Each structure stands twice: as structure tokens, then as C-alpha cells.
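These notes concern the structure reproduced below.
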Amino acid sequence: MTAQIIDGKAFAAGLRERVGTVAADFEAKSGRKAGLAVVLVGEDPASQVYVRNKGKQTLACGMKSFEHKLSADTSEADLLAVVEKLNADPAVDGILVQLPLPSHMNEQKVIAAINPDKDVDGFHVVNVGRLSTGLPGFVPCTPLGCVMLLKDQLGSLSGLDAVVVGRSNIVGKPMAQLLIAESCTVTVAHSRTQDLPEVVRRADIVVAAVGRPEMVKGEWIKPGATVIDVGINRVPGAEEGKTKLVGDVDFASASEVAGAITPVPGGVGPMTIAVLLRNTIVAAHRNAGIELDESTI
Ligand code: GUN
């Protein structure tokens with residue numbers, strides 16, 4: 001069997017287009033553009049690329065982008081003061097503090113300082129609690145993007161066996177909550193799981209988010225399963241001195257067995273920023289008290 005390729009890049013482009021339409025409608029109704037503030041501390045090159053892309057795509061969707069770049073030696077108190085200012089700014093609908101933060105800062109404390117109703121990353125404990133109890137809040141962008149791709153591919157997920165490999169706060173745990181909400185039977189596997197191949201083999205849906213290049217092999221996959229690869233790992237390429245991106249799934253072998261699979265790059269990756277923009281326009285409507293059918297975006 002050769003798997004169908006799930007085109008996250010195309011899906012994300014469609015989602016950004018829908019966000020753009022809703023953003024224009026928001027501006028017409030509220031008299032202002034929706035706004036996303038991104039805070040970057042330090043000069044981590046990967047974070048700088050993410051932040052630049054977020055800014056560009058925010059503007060392209062017709063929203064305002066506020067960027068706060070702070071030096072790596074900024075004190076935690078100064079960062080908290082920036083967050084407080086953004087909490088109080090009515091032009092700012094969503095706040096994202098780029099992670100990781102420098103080691104002298106307490107990430108949980110900084111996230112806890114963000115107003116949960118502007119926490120478009122869905123990292124605040126209030127939003128984590130809302131997700132696990134089924135209340136409306138904000139859901140972390142990468143797992144929400146994965147569920148959107150799964151529902152687009154499969155329709156209803158009800159009753160399916162799902163295995164999430166990885167238990168991080170950003171992907172694995174919220175992914176499990178979202179799949180439970182879709183009435184899947186969910187197993188969360190991780191580095192201490194016994195007989196991981198056997199656990200993965202019973203899944204109709206496999207979500208790999210462990211950060212280990214090409215760890216999940218084709219022999220682990222149930223024939224016809226849907227495979228979502230969240231990994232983005234840079235490894236040495238075929239040519240001397242060159243590198244390439246691979247996921248957490250061994251694409252060559254898995255695509256021979258799976259029914260459908262996300263590629264790396266071009267699968268889950270492009271979804272993250274598109275969902276962030278979606279969460280931001282949702283936040284703008286909620287905070288301005290303007291009605292929006294959130295199921296349409
Ligand atoms: N660093 C890498 N991905 C993310 C993300 O989705 N949100 C934040 N805040 N930081 C990140």
C-alpha cells in the first residue's frame with residue numbers, strides 16, 4: 001500500500017484565507033484590526049525565524065503585528081512588566097511569548113502572567129484546565145492543527161484507537177485531550193512505554209511527537225492507519241556538509257503501510273502559525289463581544 005499524502009501546506013493556506021476573511025469582517029464590525037503581540041527574548045536563530053514568519057503571516061491576514069524583542073539578559077521582572085502592558089492594551093487580542101526562554105527565567109511563571117483570554121498559545125493553566133473539562137478556551141496550536149488535519153482526512157474520529165507518542169505539555173498532553181474530546185480511545189506512549197512497537201501497532205491514528213528522528217518505523221504501523229508526524233529534526237543529508245529535515249516517523253517505510261501520512265516538511269509544520277492566527281481572530285471576537293461561529297474556521 002502507498003499512503004495518501006496529507007498536504008498540511010495546502011490546508012494551512014486555506015485556513016489563513018478563511019482567517020483573512022473573518023479578520024476583514026472583524027475590522028468592519030469593530031473599527032479596528034485584530035492584533036497579535038509576539039515577545040522574543042534573546043537571539044535563538046530558530047526562534048527568530050519563527051517570529052519573523054509569524055509577523056509576516058499576521059500582516060498578510062489583515063491583522064496587526066506587535067513585536068517585542070528583548071535582549072537575552074533581560075530580567076524576568078522586566079519581561080513580566082512587558083506582559084502586563086500587553087494584557088492591559090486593548091489593541092492586543094493575542095499574546096505569545098516565544099519559548100524557550102533564557103534559563104534564568106521561570107517559563108511557568110511568565111506564562112501564568114498572561115491574561116488567559118489573550119493566551120492564544122493555550123499554555124496558561126486556566127486554558128489547560130478548560131481543555132480538559134470541555135470549556136471554551138484556547139488550545140495549543142500544533143495539536144489543534146493535527147486534529148483539523150485528521151478530521152479533514154477521516155471525518156468523524158469517534159471510536160477510533162489513537163496512540164500519541166510523546167507526553168509534552170505543548171503537544172502530547174493537549175493532543176490526547178483533543179482526541180478524547182473527539183471520542184477516540186487514547187493511549188499516550190512515551191520513552192518508558194514497554195513494547196512501543198506493539199502499542200503503536202494497534203492504533204488507527206498515530207501521532208508522533210517525541211523529537212527523535214525517524215523513530216517510528218513502518219513495521220510498527222497498522223495497515224491503513226493515519227499517521228501524523230509532528231517531529232521536525234535536522235539531520236545530516238546525503239551530500240557532505242548538507243542537512244535535511246526529517247520527522248519522528250520513518251517516512252519511507254511508514255508510507256508503504258499507512259493509509260495516509262503527513263510529510264516533513266509540508267505536513268504539520270505549516271499548520272502551527274495558521275492555527276495561531278485562527279486563535280487570534282477568535283480571541284479578538286470574544287474579547288470585543290462580537291459573535292462568531294468558531295466552527296467555521
Ligand atoms: N516555540 C516553538 N513553538 C512554539 C509555540 O508554538 N509557541 C511558543 N510560545 N513558543 C514556541
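Chain labels A, B, ... are given in the sequence in which chains occur in the C-alpha cells; within each chain residues are numbered consecutively from 1, and ligands are likewise numbered from 1 in the order shown.
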
For ligand 1, list the contacting residues at 8 Å or closer, counting only C-alpha atoms and all ligand atoms, as a ChimeraX atom specification. /A:47,50,96-100,121,140-142,170,272-273,276

Pick out each residue of segment 112-281 of chain A that DSSP on the backbone tags as strand (DSSP E); I need them as JSON, numbers by chain. {"A": [161, 162, 163, 164, 165, 185, 186, 187, 188, 189, 205, 206, 207, 208, 226, 227, 228, 229, 233, 234, 235, 236, 243, 244, 245, 246, 260, 261]}

Those same residues - N, CA and C atoms - I'd like them written as a PDB file, in the first residue's frame.
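Resulting contents of result-v2.pdb:
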```pdb
ATOM      1  N   ASP A 161      -9.053   4.036  17.621  1.00  0.00           N
ATOM      2  CA  ASP A 161      -7.938   3.866  18.556  1.00  0.00           C
ATOM      3  C   ASP A 161      -6.826   4.831  18.164  1.00  0.00           C
ATOM      4  N   ALA A 162      -6.438   5.713  19.090  1.00  0.00           N
ATOM      5  CA  ALA A 162      -5.369   6.677  18.794  1.00  0.00           C
ATOM      6  C   ALA A 162      -4.207   6.474  19.753  1.00  0.00           C
ATOM      7  N   VAL A 163      -3.002   6.476  19.232  1.00  0.00           N
ATOM      8  CA  VAL A 163      -1.812   6.432  20.081  1.00  0.00           C
ATOM      9  C   VAL A 163      -1.012   7.709  19.849  1.00  0.00           C
ATOM     10  N   VAL A 164      -0.758   8.426  20.941  1.00  0.00           N
ATOM     11  CA  VAL A 164       0.071   9.625  20.891  1.00  0.00           C
ATOM     12  C   VAL A 164       1.431   9.228  21.465  1.00  0.00           C
ATOM     13  N   VAL A 165       2.481   9.392  20.676  1.00  0.00           N
ATOM     14  CA  VAL A 165       3.819   9.070  21.172  1.00  0.00           C
ATOM     15  C   VAL A 165       4.469  10.387  21.581  1.00  0.00           C
ATOM     16  N   THR A 185     -10.372   6.358  21.505  1.00  0.00           N
ATOM     17  CA  THR A 185      -9.791   5.624  22.635  1.00  0.00           C
ATOM     18  C   THR A 185      -8.301   5.943  22.586  1.00  0.00           C
ATOM     19  N   VAL A 186      -7.801   6.627  23.617  1.00  0.00           N
ATOM     20  CA  VAL A 186      -6.478   7.248  23.512  1.00  0.00           C
ATOM     21  C   VAL A 186      -5.440   6.586  24.425  1.00  0.00           C
ATOM     22  N   THR A 187      -4.291   6.281  23.860  1.00  0.00           N
ATOM     23  CA  THR A 187      -3.135   5.816  24.632  1.00  0.00           C
ATOM     24  C   THR A 187      -2.023   6.842  24.464  1.00  0.00           C
ATOM     25  N   VAL A 188      -1.424   7.258  25.580  1.00  0.00           N
ATOM     26  CA  VAL A 188      -0.262   8.152  25.498  1.00  0.00           C
ATOM     27  C   VAL A 188       0.993   7.325  25.800  1.00  0.00           C
ATOM     28  N   ALA A 189       1.827   7.163  24.801  1.00  0.00           N
ATOM     29  CA  ALA A 189       3.075   6.392  24.966  1.00  0.00           C
ATOM     30  C   ALA A 189       4.236   7.367  25.088  1.00  0.00           C
ATOM     31  N   ILE A 205      -4.986   5.743  14.535  1.00  0.00           N
ATOM     32  CA  ILE A 205      -4.385   7.075  14.386  1.00  0.00           C
ATOM     33  C   ILE A 205      -3.090   7.079  15.197  1.00  0.00           C
ATOM     34  N   VAL A 206      -1.978   7.434  14.563  1.00  0.00           N
ATOM     35  CA  VAL A 206      -0.704   7.549  15.278  1.00  0.00           C
ATOM     36  C   VAL A 206      -0.263   9.005  15.205  1.00  0.00           C
ATOM     37  N   VAL A 207      -0.004   9.610  16.365  1.00  0.00           N
ATOM     38  CA  VAL A 207       0.549  10.963  16.395  1.00  0.00           C
ATOM     39  C   VAL A 207       1.941  10.855  17.016  1.00  0.00           C
ATOM     40  N   ALA A 208       2.964  11.169  16.244  1.00  0.00           N
ATOM     41  CA  ALA A 208       4.343  11.040  16.727  1.00  0.00           C
ATOM     42  C   ALA A 208       4.886  12.414  17.083  1.00  0.00           C
ATOM     43  N   THR A 226      -3.790   6.170   9.938  1.00  0.00           N
ATOM     44  CA  THR A 226      -3.468   7.557   9.586  1.00  0.00           C
ATOM     45  C   THR A 226      -2.333   8.019  10.507  1.00  0.00           C
ATOM     46  N   VAL A 227      -1.263   8.528   9.916  1.00  0.00           N
ATOM     47  CA  VAL A 227      -0.055   8.869  10.675  1.00  0.00           C
ATOM     48  C   VAL A 227       0.193  10.376  10.611  1.00  0.00           C
ATOM     49  N   ILE A 228       0.260  10.997  11.791  1.00  0.00           N
ATOM     50  CA  ILE A 228       0.521  12.432  11.890  1.00  0.00           C
ATOM     51  C   ILE A 228       1.898  12.605  12.529  1.00  0.00           C
ATOM     52  N   ASP A 229       2.803  13.196  11.781  1.00  0.00           N
ATOM     53  CA  ASP A 229       4.197  13.318  12.224  1.00  0.00           C
ATOM     54  C   ASP A 229       4.474  14.764  12.642  1.00  0.00           C
ATOM     55  N   ASN A 233      13.149  17.418  12.732  1.00  0.00           N
ATOM     56  CA  ASN A 233      14.523  17.145  13.179  1.00  0.00           C
ATOM     57  C   ASN A 233      15.488  17.418  12.033  1.00  0.00           C
ATOM     58  N   ARG A 234      16.534  18.165  12.330  1.00  0.00           N
ATOM     59  CA  ARG A 234      17.550  18.429  11.292  1.00  0.00           C
ATOM     60  C   ARG A 234      18.659  17.380  11.436  1.00  0.00           C
ATOM     61  N   VAL A 235      18.904  16.660  10.364  1.00  0.00           N
ATOM     62  CA  VAL A 235      19.911  15.583  10.381  1.00  0.00           C
ATOM     63  C   VAL A 235      20.861  15.762   9.192  1.00  0.00           C
ATOM     64  N   PRO A 236      22.028  15.089   9.228  1.00  0.00           N
ATOM     65  CA  PRO A 236      22.940  15.183   8.089  1.00  0.00           C
ATOM     66  C   PRO A 236      22.269  14.674   6.810  1.00  0.00           C
ATOM     67  N   THR A 243      22.392  19.428   5.309  1.00  0.00           N
ATOM     68  CA  THR A 243      21.461  18.823   6.264  1.00  0.00           C
ATOM     69  C   THR A 243      20.082  18.714   5.613  1.00  0.00           C
ATOM     70  N   LYS A 244      19.209  17.933   6.249  1.00  0.00           N
ATOM     71  CA  LYS A 244      17.824  17.836   5.758  1.00  0.00           C
ATOM     72  C   LYS A 244      16.902  17.724   6.967  1.00  0.00           C
ATOM     73  N   LEU A 245      15.614  17.990   6.725  1.00  0.00           N
ATOM     74  CA  LEU A 245      14.619  17.870   7.789  1.00  0.00           C
ATOM     75  C   LEU A 245      13.928  16.527   7.686  1.00  0.00           C
ATOM     76  N   VAL A 246      13.817  15.847   8.828  1.00  0.00           N
ATOM     77  CA  VAL A 246      13.024  14.614   8.866  1.00  0.00           C
ATOM     78  C   VAL A 246      12.093  14.677  10.079  1.00  0.00           C
ATOM     79  N   ALA A 260      -2.757   7.022   5.227  1.00  0.00           N
ATOM     80  CA  ALA A 260      -2.466   8.433   4.951  1.00  0.00           C
ATOM     81  C   ALA A 260      -1.395   8.897   5.928  1.00  0.00           C
ATOM     82  N   ILE A 261      -0.580   9.847   5.498  1.00  0.00           N
ATOM     83  CA  ILE A 261       0.551  10.277   6.339  1.00  0.00           C
ATOM     84  C   ILE A 261       0.903  11.728   6.017  1.00  0.00           C
TER      85      ILE A 261
END
```

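Between atom CA of Ala113 of chain A and atom CA of Ile232 of chain A the interatomic distance comes to 29.2 Å.
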
Residues of segment 173-289 of chain A in alpha helix (DSSP H), written as a count of residues only: 39

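Atom CA of Ala34 of chain A lies 8.6 Å from atom CA of His285 of chain A.
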
Given only C-alpha atoms as the basis, pick out the residue of A:Ala112, A:Ile221, A:Ser183, A:Gly211 nearest to Ser156 of chain A. A:Ser183

Within 7 Å of Gly62 of chain A, counting only C-alpha atoms, which residues show up once you throw out same-chain ones fewer than 5 positions away? Write them as a PyMOL selection string, please. chain A and resi 20+23-24

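Here the question is which of A:Arg130, A:Lys64, A:Arg32, A:Arg212 gets nearest to Asp248 of chain A using only C-alpha atoms, and that residue is A:Arg212.
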
Atom CA of Ala91 of chain A to atom CA of Ile281 of chain A measures 12.4 Å

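Among the candidates A:Ala203, A:Val139, A:Leu292, A:Ala176, the residue lying nearest to Asn279 of chain A is A:Val139 (atoms considered: only C-alpha atoms).
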
Would you pick out the contacts of Ile297 of chain A at 8 Å or less, using only C-alpha atoms, so that residues sharing its chain but fewer than 6 positions from it are not included, and give the list as an NGL selection string? :A and (15 or 18-19 or 278)
